[in-house]
Amino acid sequence: MSQQKNPLGRTGFETTRLGFGAMELAGSAGATADKAANRLLGSVLDSGINLIDTAPDYGLSEELIGKHLSHRRQEFFLASKCGCLVGREPAFKDGKLEHDFSAENIRAGVEQSLRRLKTDHLDLVQIHSSPSRALVEEQGTVEAMIELRKEGKVRFLGMSSVLPDLADHIEMGVFDVFQLPYSALQPEHEAMITRAAEAGAGTIVRGGVARGATAPDHDDEKDHDFWRGFVRDRRDLWTRAGLDDLLEGLPRMEFMLRFALGHPDLHTTIVGTAKSEHLASNVAAARKGPLPEALRSEARRRIAAAARAR
Ligand SMILES: NC(=O)c1ccc[n+]([C@@H]2O[C@H](COP(=O)([O-])OP(=O)(O)OC[C@H]3O[C@@H](n4cnc5c(N)ncnc54)[C@H](OP(=O)(O)O)[C@@H]3O)[C@@H](O)[C@H]2O)c1
């Protein structure tokens, strides 16, 4: 069975509902890691996935995609980000990675992405890190993106957005695609995914398997400090909601992914992995389609009750 597809909002691109998030390739330095990245990225396309998400902030990710997939560029929709710092390492400030949304940095970032990715255009450039509408307007961020679109360097404009700024971002009416966090264990954006889709935008969901928090082989030691608390909280919510009782033999990760795929307005979910065996199991799970609706509803009910009981 091939990967299920649907249109990515007004872009008209027929995206596979399972996409690929390339953040996990960030630290793939050295000959062995390079070989593994080559194999993994080839398998992403060989398995039929046709949308890849990356960012200048993800270490070696853009370079590896350029090195190993530029000869197959016509086989996938390439999404990257802008607003990431060019020329120096970003610092963490107030729990967030530093960004610069000025017109100059937007242009420098996209041109750097094109060089790293060995391509002449991005299919989608998304503003990273959900800056407020006021900041974006003050900095001329969108105008810079529109210039790049006129020059053919990017095809569609997007925003990696979160509450509370998301409603403003939708209202701006300039974004073709929104990237949003969503999973069974992080349902806060559930209604806003629908609102973005109803506005005609494409919806890319990240965090669809809650960073593997409930996977039996999840290695907490490898989690970045930034994610450690998130992973612990999601695992705790899974346990308090008693979701193991609903599995009936399904692996937890399959349950998580097929739950996310049940959101009717999710166009693609860019599950990230650096491991071929995880990619293969995610591809197999996505081919089965969403969880049965009754099971999904019961999981939602239990999660909502457990979250309220906190
Ligand atoms: N816009 C933003 O601000 C933003 C922020 C974060 C992420 N993103 C994008 O979204 C993508 C995905 O988001 P995410 O990485 O935060 O969350 P995610 O896709 O929910 O989780 C990825 C994590 O889950 C693990 N995993 C995946 N499949 C698994 C499986 N079958 N079994 C066990 N573990 C599995 C991976 O570890 P292994 O490598 O061990 O498989 C990885 O650490 C990223 O790659 C990136 O492109 C964007």
# chains A, B, ... in the order shown; residues from 1 in each chain; ligands from 1

$ residues_near_ligand --ligand "ligand 1" --cutoff "7 Å" --atoms "only C-alpha atoms and all ligand atoms" --output "number ranges by chain"
A: 20-24, 53-54, 128-129, 160, 179, 206-212, 215, 217-218, 253, 270-275, 278-279, 281-282

$ write_last_selection --atoms "C-alpha atoms" --output "PDB file, in the first residue's frame"
ATOM      1  CA  PHE A  20       9.932  13.665   7.557  1.00  0.00           C
ATOM      2  CA  GLY A  21      11.411  16.010  10.158  1.00  0.00           C
ATOM      3  CA  ALA A  22      15.184  16.292   9.718  1.00  0.00           C
ATOM      4  CA  MET A  23      16.046  17.946  13.045  1.00  0.00           C
ATOM      5  CA  GLU A  24      17.316  14.651  14.443  1.00  0.00           C
ATOM      6  CA  ASP A  53      11.303  19.748   6.919  1.00  0.00           C
ATOM      7  CA  THR A  54      14.606  21.203   8.057  1.00  0.00           C
ATOM      8  CA  HIS A 128      10.895  30.014  12.880  1.00  0.00           C
ATOM      9  CA  SER A 129       9.900  30.311  16.517  1.00  0.00           C
ATOM     10  CA  SER A 160       6.026  27.895  12.556  1.00  0.00           C
ATOM     11  CA  GLN A 179       3.634  24.391  11.220  1.00  0.00           C
ATOM     12  CA  ARG A 206       5.357  18.589  14.438  1.00  0.00           C
ATOM     13  CA  GLY A 207       5.764  16.611  17.630  1.00  0.00           C
ATOM     14  CA  GLY A 208       3.223  14.037  16.361  1.00  0.00           C
ATOM     15  CA  VAL A 209       4.775  11.269  18.487  1.00  0.00           C
ATOM     16  CA  ALA A 210       5.571  13.590  21.429  1.00  0.00           C
ATOM     17  CA  ARG A 211       9.305  13.194  20.880  1.00  0.00           C
ATOM     18  CA  GLY A 212       9.104   9.448  21.465  1.00  0.00           C
ATOM     19  CA  ALA A 215       8.556   4.605  23.375  1.00  0.00           C
ATOM     20  CA  ASP A 217      13.395   2.316  23.824  1.00  0.00           C
ATOM     21  CA  HIS A 218      13.399   6.081  24.502  1.00  0.00           C
ATOM     22  CA  MET A 253       4.446   4.690  18.903  1.00  0.00           C
ATOM     23  CA  ILE A 270       6.807  15.459  10.034  1.00  0.00           C
ATOM     24  CA  VAL A 271       7.874  12.752  12.461  1.00  0.00           C
ATOM     25  CA  GLY A 272      11.574  13.063  13.153  1.00  0.00           C
ATOM     26  CA  THR A 273      13.990  10.200  13.587  1.00  0.00           C
ATOM     27  CA  ALA A 274      17.662   9.450  13.103  1.00  0.00           C
ATOM     28  CA  LYS A 275      17.044   5.691  13.119  1.00  0.00           C
ATOM     29  CA  HIS A 278      12.063   3.849  13.566  1.00  0.00           C
ATOM     30  CA  LEU A 279      11.493   5.303  10.107  1.00  0.00           C
ATOM     31  CA  SER A 281       7.970   1.336  11.690  1.00  0.00           C
ATOM     32  CA  ASN A 282       6.532   4.858  11.289  1.00  0.00           C
TER      33      ASN A 282
END

$ residues_around --residues "A:Arg232" --least-positions-apart "3" --cutoff "10 Å" --atoms "only C-alpha atoms" --output "list in words"
Ala213, Thr214, Asp220, Trp227, Arg228, Gly229, Arg235, Asp236 and Leu237 of chain A

$ residues_around --residues "stretch 85-102 of chain A" --least-positions-apart "2" --cutoff "9 Å" --atoms "only C-alpha atoms" --output "PyMOL selection string"
chain A and resi 56-57+82-83+104-109+112+127-129+131+135-136+138-141+144+226

$ atom_distance --atom1 "atom CA of A:Thr268" --atom2 "atom CA of A:Gly289"
12.3 Å

$ atom_distance --atom1 "atom CA of A:Leu122" --atom2 "atom CA of A:Pro181"
21.9 Å

$ decode --residues "stretch 138-273 of chain A" --atoms "C-alpha atoms" --output "tab-separated table (two decimals), in the first residue's frame"
chain	number	residue	atom	x	y	z
A	138	GLU	CA	8.16	46.07	12.53
A	139	GLN	CA	11.06	44.09	11.03
A	140	GLY	CA	9.68	43.81	7.47
A	141	THR	CA	10.01	40.01	7.68
A	142	VAL	CA	7.14	39.16	5.33
A	143	GLU	CA	8.17	41.79	2.77
A	144	ALA	CA	11.63	40.18	2.64
A	145	MET	CA	10.05	36.76	2.11
A	146	ILE	CA	7.83	38.15	-0.68
A	147	GLU	CA	10.92	39.59	-2.44
A	148	LEU	CA	12.56	36.16	-2.28
A	149	ARG	CA	9.40	34.63	-3.71
A	150	LYS	CA	9.44	37.13	-6.60
A	151	GLU	CA	13.04	36.09	-7.30
A	152	GLY	CA	11.99	32.43	-7.44
A	153	LYS	CA	14.11	31.50	-4.41
A	154	VAL	CA	11.07	30.36	-2.43
A	155	ARG	CA	7.65	29.20	-3.66
A	156	PHE	CA	5.43	29.40	-0.56
A	157	LEU	CA	5.51	31.30	2.73
A	158	GLY	CA	4.85	29.74	6.11
A	159	MET	CA	4.98	30.30	9.84
A	160	SER	CA	6.03	27.90	12.56
A	161	SER	CA	3.44	29.16	14.97
A	162	VAL	CA	2.11	28.52	18.45
A	163	LEU	CA	-0.54	29.97	20.72
A	164	PRO	CA	-1.06	32.74	21.69
A	165	ASP	CA	0.21	34.36	18.44
A	166	LEU	CA	-1.32	31.86	16.04
A	167	ALA	CA	-4.69	33.59	15.65
A	168	ASP	CA	-2.91	36.83	14.64
A	169	HIS	CA	-0.71	34.91	12.22
A	170	ILE	CA	-3.73	33.35	10.51
A	171	GLU	CA	-5.40	36.74	10.33
A	172	MET	CA	-2.41	38.26	8.53
A	173	GLY	CA	-3.58	36.27	5.49
A	174	VAL	CA	-0.08	35.94	3.99
A	175	PHE	CA	0.95	32.47	5.07
A	176	ASP	CA	0.30	29.48	2.80
A	177	VAL	CA	1.27	26.95	5.48
A	178	PHE	CA	1.40	26.76	9.28
A	179	GLN	CA	3.63	24.39	11.22
A	180	LEU	CA	2.07	23.53	14.59
A	181	PRO	CA	2.73	21.20	17.51
A	182	TYR	CA	0.13	18.48	18.07
A	183	SER	CA	-0.18	14.95	19.41
A	184	ALA	CA	-2.46	12.89	21.63
A	185	LEU	CA	-0.39	14.11	24.57
A	186	GLN	CA	-0.14	17.75	23.42
A	187	PRO	CA	-3.63	18.53	22.11
A	188	GLU	CA	-3.70	22.30	22.81
A	189	HIS	CA	-3.60	23.29	19.12
A	190	GLU	CA	-6.28	20.80	18.00
A	191	ALA	CA	-8.93	23.41	17.15
A	192	MET	CA	-6.43	25.87	15.69
A	193	ILE	CA	-5.25	23.28	13.14
A	194	THR	CA	-8.82	23.29	11.84
A	195	ARG	CA	-8.94	27.09	11.89
A	196	ALA	CA	-5.71	27.29	9.84
A	197	ALA	CA	-7.03	24.75	7.32
A	198	GLU	CA	-10.37	26.57	7.07
A	199	ALA	CA	-8.43	29.73	6.21
A	200	GLY	CA	-7.03	27.79	3.23
A	201	ALA	CA	-3.56	27.17	4.65
A	202	GLY	CA	-1.65	23.90	4.66
A	203	THR	CA	-1.03	22.33	8.09
A	204	ILE	CA	2.23	20.65	9.02
A	205	VAL	CA	2.17	19.00	12.43
A	206	ARG	CA	5.36	18.59	14.44
A	207	GLY	CA	5.76	16.61	17.63
A	208	GLY	CA	3.22	14.04	16.36
A	209	VAL	CA	4.78	11.27	18.49
A	210	ALA	CA	5.57	13.59	21.43
A	211	ARG	CA	9.31	13.19	20.88
A	212	GLY	CA	9.10	9.45	21.47
A	213	ALA	CA	8.32	10.09	25.16
A	214	THR	CA	6.37	6.86	25.56
A	215	ALA	CA	8.56	4.61	23.38
A	216	PRO	CA	9.96	1.63	25.35
A	217	ASP	CA	13.39	2.32	23.82
A	218	HIS	CA	13.40	6.08	24.50
A	219	ASP	CA	16.77	7.11	25.93
A	220	ASP	CA	16.24	9.97	28.41
A	221	GLU	CA	19.99	10.45	28.67
A	222	LYS	CA	20.13	11.60	25.06
A	223	ASP	CA	17.43	14.26	25.46
A	224	HIS	CA	18.55	17.85	25.16
A	225	ASP	CA	17.89	19.84	28.37
A	226	PHE	CA	15.33	21.80	26.37
A	227	TRP	CA	13.14	18.67	25.94
A	228	ARG	CA	13.72	16.75	29.16
A	229	GLY	CA	10.81	18.23	31.10
A	230	PHE	CA	8.49	17.96	28.09
A	231	VAL	CA	9.25	14.25	27.68
A	232	ARG	CA	8.75	13.54	31.39
A	233	ASP	CA	5.42	15.40	31.47
A	234	ARG	CA	4.05	13.63	28.36
A	235	ARG	CA	5.00	10.21	29.73
A	236	ASP	CA	3.34	11.07	33.01
A	237	LEU	CA	0.15	12.12	31.19
A	238	TRP	CA	0.15	8.85	29.21
A	239	THR	CA	0.34	6.88	32.46
A	240	ARG	CA	-2.28	8.93	34.31
A	241	ALA	CA	-4.67	8.59	31.35
A	242	GLY	CA	-4.22	4.80	31.44
A	243	LEU	CA	-3.55	4.63	27.73
A	244	ASP	CA	-1.69	1.32	27.94
A	245	ASP	CA	-5.12	-0.25	28.61
A	246	LEU	CA	-6.31	0.84	25.17
A	247	LEU	CA	-3.43	-0.57	23.14
A	248	GLU	CA	-4.72	-4.12	22.53
A	249	GLY	CA	-1.34	-5.13	21.16
A	250	LEU	CA	-0.54	-1.94	19.23
A	251	PRO	CA	2.94	-0.55	19.89
A	252	ARG	CA	2.73	2.80	21.72
A	253	MET	CA	4.45	4.69	18.90
A	254	GLU	CA	2.01	3.30	16.35
A	255	PHE	CA	-0.87	4.38	18.59
A	256	MET	CA	0.59	7.89	18.91
A	257	LEU	CA	1.22	8.35	15.19
A	258	ARG	CA	-2.14	6.95	14.07
A	259	PHE	CA	-3.88	9.11	16.70
A	260	ALA	CA	-2.28	12.26	15.18
A	261	LEU	CA	-3.18	11.12	11.67
A	262	GLY	CA	-6.82	11.00	12.78
A	263	HIS	CA	-6.98	14.81	12.97
A	264	PRO	CA	-9.11	15.60	9.91
A	265	ASP	CA	-7.31	18.88	9.13
A	266	LEU	CA	-3.74	17.67	9.57
A	267	HIS	CA	-2.19	17.60	6.10
A	268	THR	CA	1.14	16.09	7.07
A	269	THR	CA	3.03	15.18	10.24
A	270	ILE	CA	6.81	15.46	10.03
A	271	VAL	CA	7.87	12.75	12.46
A	272	GLY	CA	11.57	13.06	13.15
A	273	THR	CA	13.99	10.20	13.59
